[in-house]
Structure formats: C-alpha cells, structure tokens
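Asks: My structure is in structure28.cif, and what it holds is mmCIF, C-alpha atoms:
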data_start
#
loop_
_atom_site.label_atom_id
_atom_site.label_comp_id
_atom_site.auth_asym_id
_atom_site.auth_seq_id
_atom_site.Cartn_x
_atom_site.Cartn_y
_atom_site.Cartn_z
CA MET J 734 -7.79 -62.31 150.19
CA GLN J 735 -11.35 -61.36 149.45
CA THR J 736 -12.81 -57.93 150.12
CA SER J 737 -13.95 -57.77 153.71
CA THR J 738 -17.69 -57.39 154.12
CA ASP J 739 -17.13 -54.67 156.71
CA ILE J 740 -15.14 -52.45 154.31
CA ASP J 741 -17.03 -50.35 151.82
CA VAL J 742 -15.40 -49.28 148.57
CA ILE J 743 -16.38 -45.61 148.32
CA PRO J 744 -15.34 -43.38 145.42
CA ARG J 745 -14.50 -39.89 146.69
CA ASP J 746 -14.46 -37.36 143.88
CA LEU J 747 -11.83 -35.07 145.35
CA HIS J 748 -9.71 -32.41 143.71
CA PHE J 749 -6.41 -31.08 145.01
CA ARG J 750 -4.42 -27.86 144.79
CA LEU J 751 -1.08 -29.15 143.57
CA ALA J 752 1.06 -26.06 143.01
CA SER J 753 3.46 -27.06 145.80
CA ALA J 754 4.37 -30.22 143.84
CA ARG J 755 6.48 -28.01 141.57
CA SER J 756 9.03 -27.80 144.37
CA PRO J 757 12.12 -29.98 143.84
CA ALA J 758 11.77 -31.19 147.44
CA TRP J 759 8.06 -31.08 148.26
CA LEU J 760 8.23 -34.26 150.37
CA GLY J 761 9.58 -32.96 153.65
CA GLY J 762 12.42 -31.09 151.99
CA ASP J 763 13.94 -34.33 150.65
CA PRO J 764 14.69 -34.16 146.89
CA VAL J 765 15.33 -37.91 146.61
CA ALA J 766 12.07 -38.90 148.33
CA THR J 767 10.29 -36.29 146.21
CA ALA J 768 11.75 -37.81 143.03
CA VAL J 769 10.65 -41.31 144.10
CA PHE J 770 7.07 -40.14 144.76
CA ASN J 771 7.01 -38.17 141.52
CA ALA J 772 8.15 -41.26 139.59
CA LEU J 773 5.48 -43.33 141.34
CA SER J 774 2.86 -40.74 140.45
CA LEU J 775 3.94 -40.89 136.81
CA THR J 776 3.00 -44.58 136.72
CA PHE J 777 -0.53 -44.03 137.98
CA PRO J 778 -2.55 -42.60 135.08
CA GLU J 779 -1.68 -45.42 132.66
CA GLY J 780 -1.53 -48.02 135.42
CA GLU J 781 -4.96 -47.14 136.77
CA ARG J 782 -6.41 -47.39 133.25
CA LEU J 783 -4.91 -50.87 132.92
CA PHE J 784 -6.52 -51.88 136.23
CA ILE J 785 -9.89 -50.53 135.12
CA ASP J 786 -9.74 -52.31 131.77
CA SER J 787 -8.66 -55.62 133.29
CA VAL J 788 -11.51 -55.66 135.82
CA ARG J 789 -14.06 -54.44 133.25
CA LYS J 790 -13.30 -57.42 131.01
CA PHE J 791 -14.57 -59.79 133.71
CA ARG J 792 -17.22 -57.74 135.50
CA SER J 793 -20.02 -59.74 133.88
CA HIS J 794 -19.03 -62.56 136.27
CA ALA J 795 -19.66 -60.40 139.33
CA GLN J 796 -22.74 -60.98 141.43
CA GLY J 797 -24.19 -59.46 144.57
CA ARG J 798 -22.01 -57.03 146.46
CA LEU J 799 -19.13 -57.57 144.02
CA VAL J 800 -21.13 -55.73 141.33
CA ASP J 801 -21.12 -52.62 143.53
CA ASP J 802 -17.47 -53.11 144.53
CA VAL J 803 -16.43 -53.32 140.86
CA ARG J 804 -18.36 -50.17 140.02
CA ALA J 805 -16.76 -48.34 142.96
CA PHE J 806 -13.29 -49.73 142.11
CA ILE J 807 -13.56 -48.40 138.57
CA ALA J 808 -14.70 -45.00 139.83
CA GLN J 809 -11.90 -44.81 142.40
CA GLU J 810 -9.25 -45.74 139.86
CA ALA J 811 -10.56 -43.23 137.31
CA ILE J 812 -10.39 -40.43 139.88
CA HIS J 813 -6.88 -41.52 140.96
CA SER J 814 -5.80 -41.38 137.32
CA ARG J 815 -7.25 -37.91 136.87
CA GLU J 816 -5.69 -36.46 140.02
CA HIS J 817 -2.25 -37.94 139.39
CA ALA J 818 -2.38 -36.70 135.78
CA ALA J 819 -2.99 -33.23 137.24
CA LEU J 820 -0.07 -33.65 139.63
CA ASN J 821 2.17 -34.94 136.85
CA ALA J 822 1.26 -32.06 134.55
CA GLY J 823 2.87 -29.67 137.01
CA LEU J 824 6.15 -31.52 137.44
CA ASP J 825 9.28 -29.65 136.44
CA ARG J 826 10.29 -31.21 133.13
CA THR J 827 13.74 -29.67 133.37
CA ARG J 828 14.33 -31.60 136.59
CA TYR J 829 12.55 -34.88 135.81
CA PRO J 830 12.53 -36.91 132.57
CA VAL J 831 8.72 -36.98 132.61
CA GLU J 832 8.20 -37.86 128.96
CA TRP J 833 10.79 -40.65 129.10
CA ILE J 834 9.25 -42.17 132.26
CA GLU J 835 5.75 -41.96 130.80
CA ALA J 836 6.97 -43.59 127.57
CA CYS J 837 8.55 -46.44 129.57
CA VAL J 838 5.31 -46.91 131.49
CA ARG J 839 3.25 -46.95 128.27
CA LYS J 840 5.63 -49.51 126.73
CA ARG J 841 5.43 -51.85 129.71
CA ILE J 842 1.67 -51.52 129.98
CA GLY J 843 1.36 -52.11 126.25
CA PHE J 844 3.29 -55.35 126.72
CA ILE J 845 0.98 -56.39 129.58
CA ARG J 846 -2.11 -55.62 127.49
CA LYS J 847 -0.83 -57.96 124.76
CA LEU J 848 -0.72 -60.85 127.24
CA GLY J 849 -4.50 -61.07 127.21
CA PRO J 850 -7.32 -60.33 129.64
CA MET J 851 -6.60 -63.01 132.26
CA ARG J 852 -2.93 -62.10 132.55
CA MET J 853 -3.88 -58.42 132.71
CA LEU J 854 -6.14 -59.28 135.60
CA GLY J 855 -3.33 -61.24 137.26
CA VAL J 856 -0.98 -58.26 136.96
CA THR J 857 -3.72 -56.03 138.35
CA ILE J 858 -4.17 -58.33 141.35
CA ALA J 859 -0.43 -58.27 142.07
CA LEU J 860 -0.05 -54.51 141.64
CA GLU J 861 -3.17 -53.73 143.65
CA HIS J 862 -1.76 -55.81 146.49
CA PHE J 863 1.59 -54.04 146.17
CA THR J 864 0.04 -50.55 146.16
CA ALA J 865 -2.06 -51.44 149.21
CA MET J 866 1.13 -52.51 151.01
CA LEU J 867 2.75 -49.20 150.03
CA ALA J 868 -0.33 -47.36 151.28
CA GLU J 869 -0.09 -49.07 154.64
CA ALA J 870 3.64 -48.26 154.85
CA PHE J 871 2.97 -44.60 154.01
CA ASP J 872 0.36 -44.43 156.74
CA ALA J 873 2.55 -46.17 159.31
CA ASP J 874 5.38 -43.63 159.13
CA PRO J 875 4.27 -40.32 160.67
CA ASP J 876 7.62 -38.70 159.85
CA LEU J 877 7.22 -39.37 156.13
CA TRP J 878 4.87 -36.41 155.71
CA LYS J 879 6.67 -34.05 158.09
CA ASN J 880 7.16 -30.58 156.55
CA THR J 881 5.05 -31.51 153.50
CA ASP J 882 2.32 -29.25 152.15
CA GLU J 883 -0.99 -30.42 153.59
CA GLU J 884 -2.66 -30.57 150.18
CA LEU J 885 -0.08 -33.08 148.92
CA VAL J 886 -0.45 -35.08 152.13
CA ARG J 887 -4.23 -35.13 151.52
CA LEU J 888 -3.72 -36.42 147.96
CA TRP J 889 -1.42 -39.27 148.95
CA ARG J 890 -3.42 -40.25 152.05
CA TRP J 891 -6.69 -40.21 150.10
CA HIS J 892 -5.16 -42.39 147.40
CA ALA J 893 -3.69 -44.73 150.05
CA LEU J 894 -7.03 -45.06 151.85
CA GLU J 895 -8.84 -46.01 148.67
CA GLU J 896 -6.11 -48.51 147.74
CA THR J 897 -6.63 -50.29 151.05
CA GLU J 898 -10.40 -50.27 150.51
CA HIS J 899 -10.31 -51.93 147.10
CA LYS J 900 -7.13 -54.00 147.35
CA ALA J 901 -8.97 -57.31 146.92
CA VAL J 902 -11.62 -56.35 144.34
CA ALA J 903 -9.57 -57.52 141.34
CA TYR J 904 -8.89 -60.80 143.15
CA ASP J 905 -12.59 -61.18 143.92
CA VAL J 906 -13.32 -60.66 140.21
CA PHE J 907 -10.73 -63.32 139.37
CA LEU J 908 -12.42 -65.77 141.76
CA ALA J 909 -15.82 -65.03 140.24
CA ALA J 910 -14.48 -65.43 136.69
CA THR J 911 -12.73 -68.75 137.38
CA ARG J 912 -15.37 -70.58 139.38
#
Transcribe the structure of this file into structure tokens.
Replies:
Amino acid sequence: MQTSTDIDVIPRDLHFRLASARSPAWLGGDPVATAVFNALSLTFPEGERLFIDSVRKFRSHAQGRLVDDVRAFIAQEAIHSREHAALNAGLDRTRYPVEWIEACVRKRIGFIRKLGPMRMLGVTIALEHFTAMLAEAFDADPDLWKNTDEELVRLWRWHALEETEHKAVAYDVFLAATR
C-alpha cells in the first residue's frame, strides 16, 4: 500500500504530562492492560530509532512528495521516541522489569541491524503496518480508554494517529529504492 495522496504526514511536536502513568493500573483501572501498554511503550524508543535509520539509508531514492513524507516520518518517529522515553522513565521499576525488557528490545534490534539495510527496511515495513493496525484497533474500541487519565489518552491517540498517517512511507521508500 502506498501513502494516499490525500493524507498528509504531519509531525506534531507535542509533550505530555505523564505522572499518572506511575499508577499500576492507569489504563482504566486494569493492571494487566496497563502492563501490556507499558511493555509496548518500552519497545518504542529503540524501535522508532530503527525505523528512522532504515528509512534514512534509502531516502536518497525518494523523489517528489516522498521526500517530504520521509522528512515528516523521521520527525514523527523521533518525537514518538522522545515521548515514550519520557513515559518509560516514570514507570515503577519495582513493579515492571524495565531494564530487562529494554535489554531484550536492544538485543533484538541489534540482531535486526546486523541483517543489513534492506532487511531493516523490510522489518520496518512490517512493524509499521502492524503498529498502524494496532492504532486502528485502539481507536475502534471506545471502552479501552474508559477511566483513563486524559493526558495518557492524548499520548496514545496522538501516536496512533501519526502511525496511521505514515504507515506506508517505509513501503514507498522500498518501492523507490527497488525500481
């Protein structure tokens, strides 16, 4: 799927007040759902950097609108990384094995990086598609965010919106690089 010409990729440099994420059940009072979202958030800083690096390696192949989409994609991903790093910094390390999860993420991403630029881009395409599907699922369930601090809802909805905007940019870069 190529990026639709009627969808603009717009970086939004937002910041969030994340103190409520210290709660063991910030997602609607559900500690299990909270743990799942916290674990997902822990993958984002390193994952977003991988996505940025994989697209950067092939951006010289971009032409026309794709040049702007790549620039916006990189900006969006950098901001996502920053905001999730801020969220992750406040997680209760007595409740969650933050360092262990982050080490596992770094190890897996290190393995992906060793596969070379084209495989990194392939992984990025797959994971961008997956995160866009998650974003659509998050948006489709109005009860998911019930009884959740509005600032955390803003963070996750903002991230989800931008994922749906740029979900095909890495694929578009792949097409440009392999033509």
Asks: Under the PyMOL selection byres ((chain J and resi 750-764) around 7), which residues of this model are included? Write them out as a VMD selection string.
Replies: chain J and resid 749 765 to 768 820 823 to 825 878 to 882 884 to 885
Asks: Using all atoms listed in the file, which of the listed residues (J:Leu799, J:Ala808, J:Leu775, J:Leu860) sits closest to Trp833 in chain J?
Replies: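 Looking at the shortest contact to Trp833 in chain J, the residue is J:Leu775.
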Asks: Could you check which of J:Leu888, J:Val803, J:Ala909, J:Ala772 is closest to Pro830 in chain J, using only C-alpha atoms?
Replies: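 Ranking J:Leu888, J:Val803, J:Ala909, J:Ala772 by distance to Pro830 in chain J, first place goes to J:Ala772.
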Asks: Taking into account only C-alpha atoms, which residue in the set J:Asp876, J:Asp786, J:Glu832, J:Glu816 is nearest to Ile845 in chain J?
Replies: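 Residue with the minimum atom-to-atom distance to Ile845 in chain J: J:Asp786.
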Asks: How many Å lie between CA of Val800 in chain J and CA of Asp872 in chain J, rounded to one decimal?
Replies: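 That distance, rounded to one decimal, is 28.8 Å.
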Asks: Hey, could you pull the box centre and edge lengths for range 823-827 of chain J, axis-aligned, 6 Å padding per side, all listed atoms, to one decimal in Å, as JSON?
Replies:
{"center_x": 8.3, "center_y": -30.6, "center_z": 135.3, "size_x": 22.9, "size_y": 13.9, "size_z": 16.3}
Asks: Once the PyMOL selection byres ((chain J and resi 852) around 12) has been applied to the shown file, what residues remain in the selection, as a list of chain:residue names?
Replies: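 Expected selection for the PyMOL selection byres ((chain J and resi 852) around 12) here is J:Leu783, J:Phe784, J:Asp786, J:Ser787, J:Val788, J:Lys790, J:Phe791, J:Ile842, J:Phe844, J:Ile845, J:Arg846, J:Lys847, J:Leu848, J:Gly849, J:Pro850, J:Met851, J:Met853, J:Leu854, J:Gly855, J:Val856, J:Thr857, J:Ile858, J:Ala859, J:Ala903, J:Phe907.
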Asks: Which value, in Å to one decimal, gives the distance between CA of Ile807 in chain J and CA of Val902 in chain J?
Replies: 10.0 Å
Asks: Tell me which of J:Glu810, J:Asp741, J:Glu835, J:Glu898 sits closest to Ala822 in chain J, counting all atoms listed in the file.
Replies: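 Of J:Glu810, J:Asp741, J:Glu835, J:Glu898, the one nearest Ala822 in chain J is J:Glu835, counting all atoms listed in the file.
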Asks: Tell me, in Å to one decimal, how far CA of Phe806 in chain J is from CA of Asn771 in chain J.
Replies: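 Taking CA of Phe806 in chain J as the start and CA of Asn771 in chain J as the end point, the length is 23.4 Å.
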Asks: Considering only C-alpha atoms, can you say which of J:Leu908, J:Ala873, J:Val831, J:Arg841 comes closest to Leu773 in chain J?
Replies: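 Ranking J:Leu908, J:Ala873, J:Val831, J:Arg841 by distance to Leu773 in chain J, first place goes to J:Val831.
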Asks: Do you know which residues the PyMOL selection byres ((chain J and resi 892) around 12) returns on this file, as a PyMOL selection string?
Replies: chain J and resi 743-749+774+777+781+809-817+864-865+867-869+871-872+885-891+893-900
Asks: Between J:Asp802, J:Glu883, J:Glu779, J:Glu861, which is the closest to Cys837 in chain J once you count all atoms listed in the file?
Replies: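 For Cys837 in chain J, the nearest of the candidates is J:Glu779.
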